[in-house]
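Undergrad: Structure file input24.txt (compact mmCIF, C-alpha atoms and all ligand atoms) right here:
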# COMPACT_ATOMS: atom_id res chain seq x y z
CA MET P 1 160.72 113.89 123.43
CA ILE P 2 161.59 111.46 126.17
CA ASP P 3 163.46 112.87 129.14
CA PHE P 4 164.90 109.92 131.04
CA ASP P 5 167.22 110.31 134.01
CA PRO P 6 167.38 107.36 136.43
CA TYR P 7 168.29 109.71 139.29
CA LYS P 8 165.06 111.67 138.97
CA GLU P 9 162.71 111.50 141.94
CA ASP P 10 159.95 109.47 140.22
CA PHE P 11 162.30 106.74 138.98
CA MET P 12 164.20 106.61 142.29
CA SER P 13 160.85 106.19 144.06
CA GLY P 14 159.96 103.16 141.97
CA ASP P 15 157.93 104.51 139.04
CA ARG P 16 158.95 102.46 135.99
CA SER P 17 156.21 103.62 133.59
CA ILE P 18 158.86 105.23 131.35
CA PHE P 19 160.08 101.77 130.27
CA THR P 20 157.11 101.33 127.88
CA GLN P 21 157.82 104.67 126.21
CA LEU P 22 161.53 103.91 125.91
CA ARG P 23 160.90 100.45 124.41
CA GLU P 24 158.35 101.70 121.90
CA GLU P 25 159.72 105.14 120.96
CA GLU P 26 163.47 105.22 121.58
CA PRO P 27 164.93 101.76 122.12
CA ALA P 28 168.43 103.26 121.91
CA TYR P 29 167.98 106.32 124.12
CA TYR P 30 171.01 108.59 124.49
CA SER P 31 171.57 110.73 127.56
CA GLU P 32 174.10 113.48 127.00
CA LYS P 33 174.33 114.15 130.73
CA TYR P 34 175.78 110.67 131.38
CA ASN P 35 177.17 110.03 127.89
CA CYS P 36 175.17 106.85 128.11
CA TRP P 37 172.87 104.82 125.86
CA PHE P 38 169.91 103.13 127.56
CA PHE P 39 168.64 99.94 125.87
CA SER P 40 165.22 98.73 126.89
CA ARG P 41 164.30 95.90 124.49
CA TYR P 42 164.89 92.23 125.24
CA GLU P 43 166.79 91.40 122.03
CA ASP P 44 169.11 94.40 122.44
CA VAL P 45 169.95 93.53 126.06
CA LYS P 46 170.72 89.99 124.92
CA ALA P 47 172.85 91.23 122.01
CA ILE P 48 174.91 93.61 124.17
CA SER P 49 175.44 91.04 126.95
CA THR P 50 176.92 88.56 124.47
CA ASP P 51 178.93 90.99 122.31
CA TYR P 52 182.42 90.98 123.82
CA GLU P 53 184.02 92.59 120.78
CA HIS P 54 182.23 95.93 121.22
CA PHE P 55 181.35 96.07 124.94
CA SER P 56 183.49 95.81 128.06
CA VAL P 57 182.81 95.43 131.79
CA GLU P 58 186.25 96.73 132.82
CA LYS P 59 185.10 100.27 133.67
CA GLY P 60 182.21 98.97 135.78
CA VAL P 61 178.70 97.58 135.47
CA THR P 62 176.67 99.44 138.11
CA THR P 63 174.97 102.83 137.82
CA SER P 64 177.30 104.31 140.45
CA GLN P 65 180.38 103.14 138.55
CA LEU P 66 179.25 104.06 135.03
CA LEU P 67 176.95 107.06 135.50
CA LEU P 68 178.56 108.69 138.55
CA GLY P 69 182.15 107.50 138.06
CA GLU P 70 182.47 105.93 141.54
CA PRO P 71 185.65 103.79 141.73
CA THR P 72 185.45 100.06 140.97
CA GLY P 73 188.15 99.03 143.48
CA ALA P 74 190.58 96.16 142.91
CA GLU P 75 189.83 93.97 139.88
CA THR P 76 187.53 90.96 140.16
CA PHE P 77 186.28 88.51 137.53
CA ALA P 78 182.96 90.40 137.38
CA LEU P 79 184.90 93.37 135.96
CA MET P 80 187.13 91.45 133.55
CA ASP P 81 186.68 90.84 129.83
CA LEU P 82 187.69 87.78 127.85
CA PRO P 83 190.08 85.99 127.96
CA ARG P 84 191.03 86.92 131.57
CA HIS P 85 187.49 86.61 132.93
CA LYS P 86 187.43 82.85 132.37
CA SER P 87 190.58 81.92 134.31
CA HIS P 88 189.55 84.06 137.31
CA ARG P 89 185.86 83.05 137.44
CA SER P 90 186.65 79.36 136.96
CA LEU P 91 188.38 79.22 140.35
CA ILE P 92 185.04 79.24 142.16
CA GLN P 93 182.55 78.47 139.36
CA PRO P 94 182.59 74.68 140.06
CA GLU P 95 181.15 75.33 143.55
CA TYR P 96 178.03 76.89 141.98
CA LEU P 97 177.20 74.33 139.30
CA ARG P 98 173.69 72.92 139.49
CA GLY P 99 174.83 69.46 140.70
CA LYS P 100 177.11 70.87 143.41
CA ILE P 101 174.35 73.18 144.66
CA SER P 102 171.85 70.33 144.90
CA GLU P 103 174.33 68.39 147.07
CA PHE P 104 174.28 71.43 149.34
CA GLU P 105 170.48 71.37 149.74
CA PRO P 106 170.37 69.57 153.14
CA ARG P 107 172.82 72.09 154.65
CA ALA P 108 170.94 75.00 153.12
CA LYS P 109 167.69 73.68 154.64
CA GLU P 110 169.33 73.40 158.05
CA PHE P 111 170.60 77.00 157.87
CA LEU P 112 167.30 78.41 156.70
CA ILE P 113 165.15 76.47 159.14
CA ASP P 114 167.41 77.69 161.95
CA PHE P 115 166.50 81.25 161.05
CA MET P 116 162.84 80.48 160.61
CA ALA P 117 162.07 78.41 163.72
CA PRO P 118 162.13 81.29 166.27
CA LEU P 119 160.07 83.51 163.95
CA LEU P 120 157.21 81.03 163.67
CA ASP P 121 156.18 81.46 167.32
CA LYS P 122 155.95 85.22 167.02
CA GLY P 123 152.85 85.50 164.85
CA ASN P 124 154.50 88.09 162.65
CA PHE P 125 157.88 89.05 161.18
CA GLU P 126 159.47 91.19 158.53
CA VAL P 127 160.48 88.97 155.60
CA ILE P 128 163.66 90.76 154.43
CA HIS P 129 165.56 91.70 157.58
CA ASP P 130 164.26 89.02 159.97
CA LEU P 131 164.61 86.11 157.57
CA VAL P 132 165.89 86.22 153.99
CA LEU P 133 168.77 88.69 154.25
CA PRO P 134 170.42 87.09 157.31
CA ALA P 135 169.83 83.60 155.87
CA SER P 136 171.27 84.51 152.44
CA LEU P 137 174.27 86.23 153.97
CA ARG P 138 174.96 83.27 156.18
CA LEU P 139 174.77 80.93 153.18
CA VAL P 140 177.06 82.93 150.93
CA SER P 141 179.44 83.61 153.85
CA SER P 142 179.74 79.88 154.45
CA PHE P 143 180.71 79.40 150.80
CA ILE P 144 183.28 82.19 151.10
CA GLY P 145 184.60 81.01 154.49
CA LEU P 146 183.56 83.95 156.68
CA PRO P 147 182.48 83.09 160.24
CA ASP P 148 178.87 83.81 161.33
CA SER P 149 179.99 86.62 163.67
CA LEU P 150 181.62 88.46 160.77
CA ALA P 151 178.65 87.74 158.47
CA LYS P 152 176.40 89.50 160.99
CA LYS P 153 178.67 92.56 161.13
CA VAL P 154 178.78 92.60 157.32
CA ARG P 155 174.97 92.59 157.26
CA ASP P 156 174.71 95.59 159.58
CA LEU P 157 177.30 97.60 157.64
CA LEU P 158 175.79 96.72 154.25
CA ARG P 159 172.44 97.96 155.48
CA ILE P 160 173.98 101.38 156.14
CA TYR P 161 175.81 101.28 152.78
CA TRP P 162 172.60 100.59 150.81
CA THR P 163 170.42 103.19 152.54
CA ARG P 164 169.60 106.20 150.33
CA LYS P 165 167.94 109.29 151.73
CA PRO P 166 165.29 111.02 149.60
CA GLY P 167 167.12 113.39 147.26
CA GLN P 168 170.36 111.42 147.70
CA ILE P 169 172.28 110.54 144.54
CA GLY P 170 174.88 107.80 144.94
CA THR P 171 176.32 106.53 148.23
CA THR P 172 175.70 108.60 151.40
CA GLU P 173 178.57 109.75 153.61
CA GLU P 174 177.57 107.21 156.29
CA GLY P 175 177.37 104.58 153.52
CA SER P 176 180.92 105.31 152.35
CA LYS P 177 182.19 105.11 155.94
CA ALA P 178 180.38 101.80 156.43
CA MET P 179 182.02 100.42 153.26
CA VAL P 180 185.49 101.48 154.45
CA GLU P 181 184.89 99.75 157.80
CA LEU P 182 183.55 96.67 156.03
CA ILE P 183 186.55 96.33 153.70
CA SER P 184 188.93 96.85 156.62
CA LEU P 185 187.20 94.09 158.68
CA ILE P 186 187.41 91.73 155.72
CA MET P 187 191.07 92.62 155.10
CA GLN P 188 191.89 91.87 158.76
CA PHE P 189 190.17 88.50 158.45
CA ILE P 190 192.05 87.72 155.21
CA LYS P 191 195.37 88.49 156.93
CA ARG P 192 194.45 86.12 159.78
CA ARG P 193 193.56 83.39 157.26
CA ARG P 194 196.82 83.97 155.35
CA ASN P 195 198.77 83.44 158.58
CA ALA P 196 196.70 80.50 159.79
CA PRO P 197 195.39 78.59 156.74
CA LYS P 198 192.34 76.38 157.27
CA ASP P 199 192.70 72.63 156.76
CA GLY P 200 190.07 70.42 155.19
CA GLU P 201 187.11 71.86 153.35
CA LYS P 202 187.92 74.22 150.47
CA ASP P 203 186.05 77.48 150.92
CA HIS P 204 186.53 80.41 148.51
CA LEU P 205 189.11 82.06 150.77
CA SER P 206 191.34 78.97 150.69
CA ILE P 207 190.98 78.84 146.90
CA TRP P 208 191.77 82.54 146.41
CA LEU P 209 194.67 82.51 148.91
CA ASP P 210 196.29 79.51 147.17
CA ALA P 211 195.50 80.53 143.60
CA GLU P 212 198.09 81.58 141.09
CA VAL P 213 196.46 83.18 138.06
CA GLU P 214 198.30 84.91 135.22
CA GLY P 215 201.54 83.99 136.94
CA ARG P 216 200.89 85.65 140.30
CA LYS P 217 199.01 85.40 143.58
CA TYR P 218 196.06 87.63 144.58
CA SER P 219 196.75 90.57 146.91
CA ASP P 220 194.66 91.04 150.07
CA GLU P 221 192.86 93.96 148.36
CA GLU P 222 191.91 91.76 145.42
CA ILE P 223 190.61 89.02 147.71
CA ALA P 224 188.64 91.57 149.74
CA ASN P 225 187.00 92.81 146.55
CA LEU P 226 186.22 89.25 145.47
CA VAL P 227 184.59 88.68 148.88
CA MET P 228 182.52 91.86 148.41
CA THR P 229 181.51 90.83 144.87
CA MET P 230 180.09 87.56 146.18
CA ILE P 231 178.52 89.12 149.27
CA ILE P 232 176.78 91.89 147.34
CA GLY P 233 175.64 89.53 144.58
CA GLY P 234 174.57 86.92 147.10
CA SER P 235 172.79 88.98 149.72
CA ASP P 236 170.84 91.67 147.93
CA THR P 237 168.82 90.06 145.17
CA VAL P 238 167.41 87.00 146.94
CA PRO P 239 165.68 88.97 149.76
CA LEU P 240 164.11 91.33 147.21
CA THR P 241 162.76 88.50 145.06
CA VAL P 242 161.56 86.22 147.87
CA SER P 243 159.72 89.07 149.60
CA ASN P 244 158.21 90.10 146.27
CA THR P 245 157.00 86.54 145.64
CA LEU P 246 155.15 86.52 148.98
CA LEU P 247 153.69 89.92 148.21
CA LEU P 248 152.65 89.09 144.64
CA LEU P 249 151.03 85.83 145.74
CA ASP P 250 149.16 87.66 148.48
CA LYS P 251 147.92 90.17 145.90
CA ASN P 252 146.83 87.31 143.59
CA PRO P 253 144.76 85.02 145.85
CA ILE P 254 144.06 82.50 143.06
CA PHE P 255 147.78 81.89 142.61
CA LYS P 256 148.34 81.86 146.37
CA LYS P 257 145.69 79.16 146.78
CA ALA P 258 147.21 77.16 143.90
CA VAL P 259 150.69 77.28 145.48
CA LYS P 260 149.26 76.29 148.88
CA GLU P 261 147.61 73.25 147.31
CA ASP P 262 150.55 72.36 145.09
CA PRO P 263 153.97 73.53 146.35
CA SER P 264 155.61 72.13 143.20
CA LEU P 265 154.47 75.41 141.59
CA ILE P 266 156.93 77.34 143.78
CA PRO P 267 160.01 77.25 141.49
CA ASN P 268 158.07 78.65 138.53
CA ALA P 269 156.30 81.23 140.71
CA TYR P 270 159.71 82.37 141.99
CA SER P 271 161.13 82.57 138.45
CA GLU P 272 158.11 84.56 137.31
CA THR P 273 158.64 87.01 140.18
CA ILE P 274 162.23 87.56 139.07
CA ARG P 275 160.96 88.31 135.56
CA TYR P 276 158.03 90.48 136.59
CA ALA P 277 159.81 92.36 139.38
CA HIS P 278 163.46 92.13 138.43
CA PRO P 279 165.63 93.37 141.30
CA ASN P 280 168.25 95.03 139.03
CA ASN P 281 166.87 97.90 137.02
CA MET P 282 169.96 98.08 134.87
CA LEU P 283 173.50 96.83 134.41
CA GLY P 284 176.03 98.34 132.06
CA ARG P 285 179.03 98.19 129.80
CA THR P 286 181.45 100.59 128.06
CA VAL P 287 181.84 100.70 124.27
CA ILE P 288 185.34 99.54 123.20
CA LYS P 289 184.74 99.48 119.43
CA ASP P 290 182.22 101.63 117.49
CA ARG P 291 178.94 99.78 116.99
CA LYS P 292 175.79 100.66 115.06
CA PHE P 293 172.41 100.11 116.70
CA TYR P 294 169.26 101.08 114.79
CA ASP P 295 170.37 104.29 113.03
CA LYS P 296 172.72 105.38 115.83
CA THR P 297 176.45 104.93 116.23
CA LEU P 298 177.77 104.07 119.67
CA LYS P 299 181.30 105.47 119.94
CA VAL P 300 184.31 104.12 121.82
CA GLY P 301 184.10 105.34 125.43
CA ASP P 302 180.30 105.75 125.45
CA LYS P 303 178.50 104.06 128.32
CA VAL P 304 175.68 101.60 127.75
CA MET P 305 172.98 100.61 130.22
CA MET P 306 170.89 97.48 129.68
CA LEU P 307 167.49 97.96 131.29
CA PHE P 308 166.91 94.38 132.44
CA ALA P 309 163.69 95.24 134.25
CA SER P 310 162.30 96.65 130.99
CA ALA P 311 163.62 93.88 128.71
CA LEU P 312 161.81 91.34 130.88
CA ARG P 313 158.53 93.17 130.26
CA ASP P 314 159.06 93.39 126.47
CA PRO P 315 155.80 92.40 124.71
CA ARG P 316 157.83 91.22 121.69
CA VAL P 317 158.91 88.25 123.83
CA PHE P 318 156.40 87.91 126.68
CA LYS P 319 152.64 87.74 126.20
CA LYS P 320 150.80 90.17 128.49
CA PRO P 321 154.15 91.07 130.10
CA ASP P 322 152.63 93.34 132.77
CA GLN P 323 150.60 90.49 134.21
CA TYR P 324 152.06 88.30 136.94
CA ASN P 325 151.40 84.70 135.92
CA ILE P 326 152.93 81.80 137.85
CA TYR P 327 152.11 79.40 134.99
CA ARG P 328 154.07 81.39 132.37
CA ASP P 329 156.74 79.60 130.35
CA ILE P 330 159.78 81.68 131.29
CA SER P 331 162.46 79.46 129.81
CA SER P 332 163.57 82.31 127.54
CA ALA P 333 163.88 84.86 130.33
CA ILE P 334 167.32 86.42 130.82
CA THR P 335 166.62 87.00 134.49
CA PHE P 336 170.13 85.94 135.52
CA GLY P 337 171.82 87.56 132.52
CA ILE P 338 173.27 85.79 129.50
CA GLY P 339 176.75 85.08 128.16
CA ILE P 340 180.01 84.87 130.09
CA HIS P 341 178.84 87.21 132.87
CA LYS P 342 175.65 85.23 133.50
CA CYS P 343 175.05 85.08 137.24
CA VAL P 344 177.43 82.68 138.96
CA GLY P 345 174.98 82.32 141.88
CA GLU P 346 171.88 81.42 139.85
CA HIS P 347 171.45 77.88 141.20
CA LEU P 348 172.15 78.96 144.77
CA ALA P 349 169.59 81.76 144.43
CA ARG P 350 166.99 79.37 143.01
CA LEU P 351 167.67 76.88 145.83
CA GLU P 352 167.40 79.55 148.54
CA GLY P 353 164.24 81.02 147.06
CA ARG P 354 162.58 77.63 146.75
CA VAL P 355 163.56 76.35 150.21
CA ILE P 356 162.43 79.53 151.99
CA LEU P 357 159.13 79.70 150.11
CA GLU P 358 158.48 75.96 150.62
CA ASN P 359 159.00 76.42 154.35
CA ILE P 360 156.72 79.40 154.52
CA PHE P 361 153.97 77.54 152.68
CA LYS P 362 154.52 74.46 154.85
CA ASN P 363 154.45 76.27 158.19
CA ILE P 364 152.38 79.41 157.69
CA PRO P 365 150.38 78.91 154.48
CA ASN P 366 147.81 81.47 155.63
CA TYR P 367 150.30 84.30 156.03
CA GLN P 368 149.03 87.75 155.18
CA VAL P 369 150.98 90.84 154.24
CA ASN P 370 150.72 93.84 156.54
CA TYR P 371 150.38 96.43 153.78
CA ASP P 372 150.67 99.38 156.18
CA GLY P 373 154.19 98.28 157.11
CA ILE P 374 155.56 97.93 153.57
CA LYS P 375 158.52 100.17 152.80
CA TYR P 376 159.79 100.83 149.28
CA LEU P 377 163.43 101.11 148.27
CA TYR P 378 164.59 104.49 147.07
CA SER P 379 167.14 103.61 144.37
CA GLU P 380 168.00 103.91 140.69
CA PHE P 381 169.78 100.55 140.72
CA VAL P 382 167.71 98.04 142.63
CA LYS P 383 163.95 97.74 142.69
CA GLY P 384 161.86 96.27 145.47
CA HIS P 385 161.16 96.81 149.13
CA SER P 386 163.14 97.49 152.24
CA ALA P 387 160.42 96.00 154.46
CA VAL P 388 157.64 93.45 153.83
CA PRO P 389 155.99 92.52 157.15
CA ILE P 390 153.72 89.48 157.34
CA PHE P 391 151.43 88.11 160.08
CA PHE P 392 149.86 84.71 160.64
CA ASN P 393 148.18 82.30 163.06
CA ASN P 394 149.83 78.93 163.39
C1 LIG S 1 167.43 86.30 142.37
C2 LIG S 1 168.72 86.40 142.57
C3 LIG S 1 169.72 86.94 141.56
C4 LIG S 1 169.52 87.65 140.40
C5 LIG S 1 168.21 88.10 139.78
C6 LIG S 1 170.84 87.90 139.84
C7 LIG S 1 171.05 88.57 138.64
C8 LIG S 1 172.29 88.66 138.02
C9 LIG S 1 172.50 89.20 136.68
C10 LIG S 1 171.42 89.73 135.76
C11 LIG S 1 173.85 89.12 136.42
C12 LIG S 1 174.53 89.49 135.10
C13 LIG S 1 175.39 90.74 135.23
C14 LIG S 1 175.92 91.29 133.93
O1 LIG S 1 175.68 90.75 132.85
O2 LIG S 1 176.62 92.32 134.02
C15 LIG S 1 174.48 88.57 137.60
C16 LIG S 1 175.84 88.38 137.76
C17 LIG S 1 176.43 87.96 138.94
N1 LIG S 1 175.78 87.47 140.08
FE1 LIG S 1 173.81 87.33 140.34
N2 LIG S 1 171.79 87.36 140.68
C18 LIG S 1 171.15 86.76 141.73
C19 LIG S 1 171.75 86.06 142.78
C20 LIG S 1 173.11 85.95 142.99
C21 LIG S 1 173.73 85.22 144.08
C22 LIG S 1 173.01 84.40 145.14
C23 LIG S 1 175.10 85.39 143.93
C24 LIG S 1 176.23 84.86 144.78
C25 LIG S 1 176.26 83.72 145.35
C26 LIG S 1 175.31 86.20 142.76
C27 LIG S 1 176.53 86.61 142.28
C28 LIG S 1 176.74 87.17 141.02
C29 LIG S 1 178.07 87.46 140.48
C30 LIG S 1 179.40 87.26 141.21
C31 LIG S 1 177.88 87.95 139.18
C32 LIG S 1 178.96 88.39 138.18
C33 LIG S 1 179.30 87.22 137.27
C34 LIG S 1 180.37 87.54 136.24
O3 LIG S 1 180.55 88.71 135.90
O4 LIG S 1 181.01 86.59 135.77
N3 LIG S 1 174.08 86.52 142.21
N4 LIG S 1 173.50 88.28 138.56
What would the structure in this file look like if it were written as structure tokens?
TA:
Amino acid sequence: MIDFDPYKEDFMSGDRSIFTQLREEEPAYYSEKYNCWFFSRYEDVKAISTDYEHFSVEKGVTTSQLLLGEPTGAETFALMDLPRHKSHRSLIQPEYLRGKISEFEPRAKEFLIDFMAPLLDKGNFEVIHDLVLPASLRLVSSFIGLPDSLAKKVRDLLRIYWTRKPGQIGTTEEGSKAMVELISLIMQFIKRRRNAPKDGEKDHLSIWLDAEVEGRKYSDEEIANLVMTMIIGGSDTVPLTVSNTLLLLDKNPIFKKAVKEDPSLIPNAYSETIRYAHPNNMLGRTVIKDRKFYDKTLKVGDKVMMLFASALRDPRVFKKPDQYNIYRDISSAITFGIGIHKCVGEHLARLEGRVILENIFKNIPNYQVNYDGIKYLYSEFVKGHSAVPIFFNN
């Protein structure tokens, strides 16, 4: 009998060994405690993600929303089903298309190099908080239209919001307070922008403030939640995956040497990291029409969690899935999701990851990880580290 609870100490502390058992023995695992089905196989995750007739995002997609019933806040496209999802997402989607993102590359390089230059003289730094998180937040904030000073404040408050103490289930009291302060700062900024619109370049705020969708304008609350959707999506995952790439390459010296000699391997190495060490353990849906899976019936109102991190290690799809291999063909990987909710920021994430890693291999190819300083995240939702320090001689 499998006893799976994502809030149990071992899972929160990063032990994912239960995924193999779930995939092989109970691919549709039901937890009465959460009234939730956990799906761990690749094909099932793909099927649920693209089945809009039976599954909905409207009651939430995160563990906190679906398993603990934390509120979702004002509606955003990420929590809308068809047909509404399309008209709301398409307001900003064009900014994130592959072609548009490649036009942005020179500016992205400038931003990222700005963050990196002072670190290179130090001989050591911590990859997530000194480099990738501030750089990613600055990038996504510039897309949204938030000034750098506010982006920095957002970063500090988000850090408090994400921190979980051992034994803590869901958001801490300090975390909830930080989120309230964050939303209020963003709301104040939205009010200022409403009263003094910005000329020229169209950032997301100008688009959302001008937009009329379904016959009405967005409220300040809705815009604040849209800002948070982009900030959370855009600032959490890239630091986890870039730091993991540096760590995994350091642990696999043959691959590290190969990347040093041929930086064109970086994009595939980064993609393989996202498969091997996916930053989202799970994302969910709610059943809106009964659906049979294997010999089980999922009933209207049941919750469903798709274990992305397990699906991407499914041996039915990936050969030797538990091995990190930068040469792997990962074209079939659903690392950024699949279907209408597929990650809007995929090309931006790939650009950021590549540019940061290219710069690290250009400037400090002999970096080494300080293993004593590594800190692991304590979370049911995201997987990775909260600190990955490196040191180097220039
Ligand atoms: C390595 C980096 C990233 C990974 C692995 C990742 C992963 C994902 C996944 C798996 C989904 C699908 C969610 C679902 O089906 O419920 C998703 C959606 C989303 N991601 Fe990302 N993401 C990354 C970076 C980003 C960035 C940089 C942004 C913002 C610029 C972003 C914003 C979003 C948004 C807004 C959605 C919701 C899309 C919708 O519902 O239409 N993500 N992401």
Undergrad: Write out as a list in words which residues come within 8 Å of P:Cys36 when counting all atoms listed in the file, dropping same-chain ones fewer than 3 positions away.
TA: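 In the requested format, the answer is Tyr30, Ser31, Glu32, Lys33, Leu67, Asp302, Lys303, Val304 and Met305 of chain P.
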Undergrad: Using all atoms listed in the file, which residues have at least one atom no more than 8 Å from ligand LIG 1 (chain S)? Output them as an NGL selection string.
TA: :P and (49 or 57 or 61 or 77-80 or 85 or 89 or 96 or 136 or 140 or 229-238 or 240-241 or 274 or 278-280 or 283-285 or 308 or 334-350 or 353)
Undergrad: So, counting only C-alpha atoms, which residue among P:Gly373, P:Gly170, P:Pro315, P:Gly123 is closest to P:Thr63?
TA: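 Of all the options, P:Gly170 lies closest to P:Thr63.
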Undergrad: Return the single residue from P:Ile356, P:Val259, P:Ala28, P:Val317 that is closest to P:Asp295, with distances computed using only C-alpha atoms.
TA: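 For P:Asp295, the nearest of the given residues is P:Ala28.
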Undergrad: Pick the closest to P:Ser141 from P:Glu214, P:Asp203, P:Asp156, P:Asp220: which is it, counting all atoms listed in the file?
TA: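 For P:Ser141, the nearest of the candidates is P:Asp203.
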Undergrad: For the interface of stretch 300-333 of chain P with stretch 4-16 of chain P (cut-off 12 Å, counting all atoms listed in the file), please tabulate each contacting residue of stretch 300-333 of chain P alongside its nearest pair of atoms and their separation in Å to one decimal, rows sorted by chain and increasing number, as a Markdown table.
TA:
| residue | atom | partner | partner_atom | distance |
| --- | --- | --- | --- | --- |
| P:Met305 | CA | P:Pro6 | CA | 10.7 |
| P:Leu307 | CA | P:Pro6 | CA | 10.7 |
| P:Phe308 | CA | P:Arg16 | CA | 11.9 |
| P:Ala309 | CA | P:Arg16 | CA | 8.8 |
| P:Ser310 | CA | P:Arg16 | CA | 8.4 |
| P:Arg313 | CA | P:Arg16 | CA | 10.9 |
| P:Asp322 | CA | P:Arg16 | CA | 11.6 |
Undergrad: Using only C-alpha atoms, which of the listed residues (P:Lys86, P:Arg275, P:His385, P:Lys177) sits closest to P:Ile330?
TA: P:Arg275
Undergrad: Write out as a CSV table (one decimal) with C-alpha atoms, in the frame of the given file the residues lying within 10 Å of P:Leu249, counting all atoms listed in the file and excluding same-chain residues fewer than 2 positions away.
TA:
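Final file, result37.csv:
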chain,number,residue,atom,x,y,z
P,244,ASN,CA,158.2,90.1,146.3
P,245,THR,CA,157.0,86.5,145.6
P,246,LEU,CA,155.2,86.5,149.0
P,247,LEU,CA,153.7,89.9,148.2
P,251,LYS,CA,147.9,90.2,145.9
P,252,ASN,CA,146.8,87.3,143.6
P,253,PRO,CA,144.8,85.0,145.8
P,254,ILE,CA,144.1,82.5,143.1
P,255,PHE,CA,147.8,81.9,142.6
P,256,LYS,CA,148.3,81.9,146.4
P,257,LYS,CA,145.7,79.2,146.8
P,258,ALA,CA,147.2,77.2,143.9
P,259,VAL,CA,150.7,77.3,145.5
P,269,ALA,CA,156.3,81.2,140.7
P,273,THR,CA,158.6,87.0,140.2
P,324,TYR,CA,152.1,88.3,136.9
P,325,ASN,CA,151.4,84.7,135.9
P,326,ILE,CA,152.9,81.8,137.8
P,368,GLN,CA,149.0,87.8,155.2
P,369,VAL,CA,151.0,90.8,154.2
Undergrad: What is the atom CA of P:Val45 to atom CA of P:Gly384 distance in Å?
TA: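 Going from atom CA of P:Val45 over to atom CA of P:Gly384 covers 21.2 Å.
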Undergrad: Pick out the closest residue to P:Val154 from this set: P:Ile207, P:Ile183, P:Met1, P:Leu357. Count only C-alpha atoms.
TA: P:Ile183
Undergrad: Excluding P:Phe391 and residues on its chain fewer than 6 positions from it, collect all residues at most 12 Å away from it, counting all atoms listed in the file, and give them as a list in words.
TA: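 Selected residues are Leu119, Leu120, Asp121, Lys122, Gly123, Asn124, Phe125, Glu126, Val127, Leu246, Asp250, Ile360, Ile364, Pro365, Asn366, Tyr367, Gln368, Val369, Asn370, Tyr371, Asp372 and Gly373 of chain P.
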Undergrad: Between P:His54, P:Lys59, P:Arg155, P:Lys109, which has the minimum distance to P:Asp130 (counting all atoms listed in the file)?
TA: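 Closest to P:Asp130, using all atoms listed in the file: P:Arg155.
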Undergrad: In Å, with one decimal, what is the gap from atom CA of P:Phe381 to atom CA of P:Met282?
TA: 6.4 Å
Undergrad: Atom CA of P:Asp51 and atom CA of P:Pro83 are how many Å apart?
TA: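 Calculated distance between atom CA of P:Asp51 and atom CA of P:Pro83 is 13.5 Å.
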Undergrad: List every protein, DNA or RNA residue that has at least one atom no more than 9 Å from (160.3, 74.4, 147.9) in the file's coordinates, counting all atoms listed in the file, and write the result as a JSON list (two decimals) with C-alpha atoms, keeping the file's coordinate frame.
TA:
[["chain", "number", "residue", "atom", "x", "y", "z"],
["P", 263, "PRO", "CA", 153.97, 73.53, 146.35],
["P", 264, "SER", "CA", 155.61, 72.13, 143.20],
["P", 265, "LEU", "CA", 154.47, 75.41, 141.59],
["P", 266, "ILE", "CA", 156.93, 77.34, 143.78],
["P", 267, "PRO", "CA", 160.01, 77.25, 141.49],
["P", 351, "LEU", "CA", 167.67, 76.88, 145.83],
["P", 352, "GLU", "CA", 167.40, 79.55, 148.54],
["P", 353, "GLY", "CA", 164.24, 81.02, 147.06],
["P", 354, "ARG", "CA", 162.58, 77.63, 146.75],
["P", 355, "VAL", "CA", 163.56, 76.35, 150.21],
["P", 356, "ILE", "CA", 162.43, 79.53, 151.99],
["P", 357, "LEU", "CA", 159.13, 79.70, 150.11],
["P", 358, "GLU", "CA", 158.48, 75.96, 150.62],
["P", 359, "ASN", "CA", 159.00, 76.42, 154.35],
["P", 361, "PHE", "CA", 153.97, 77.54, 152.68]]
Undergrad: Which neighbours of P:Glu181 fall inside 12 Å, counting only C-alpha atoms, when residues of the same chain fewer than 4 positions from it are skipped, and could you give them as a PyMOL selection string?
TA: chain P and resi 153-154+156-158+160-161+174-177+185-188
Undergrad: If you count only C-alpha atoms, which residues fall within 10 Å of P:Ile223, apart from same-chain ones fewer than 2 positions away, as a CSV table (one decimal) with C-alpha atoms, in the frame of the given file?
TA:
chain,number,residue,atom,x,y,z
P,74,ALA,CA,190.6,96.2,142.9
P,75,GLU,CA,189.8,94.0,139.9
P,76,THR,CA,187.5,91.0,140.2
P,186,ILE,CA,187.4,91.7,155.7
P,187,MET,CA,191.1,92.6,155.1
P,190,ILE,CA,192.0,87.7,155.2
P,204,HIS,CA,186.5,80.4,148.5
P,205,LEU,CA,189.1,82.1,150.8
P,208,TRP,CA,191.8,82.5,146.4
P,209,LEU,CA,194.7,82.5,148.9
P,218,TYR,CA,196.1,87.6,144.6
P,219,SER,CA,196.8,90.6,146.9
P,220,ASP,CA,194.7,91.0,150.1
P,221,GLU,CA,192.9,94.0,148.4
P,225,ASN,CA,187.0,92.8,146.6
P,226,LEU,CA,186.2,89.2,145.5
P,227,VAL,CA,184.6,88.7,148.9
P,228,MET,CA,182.5,91.9,148.4
P,229,THR,CA,181.5,90.8,144.9
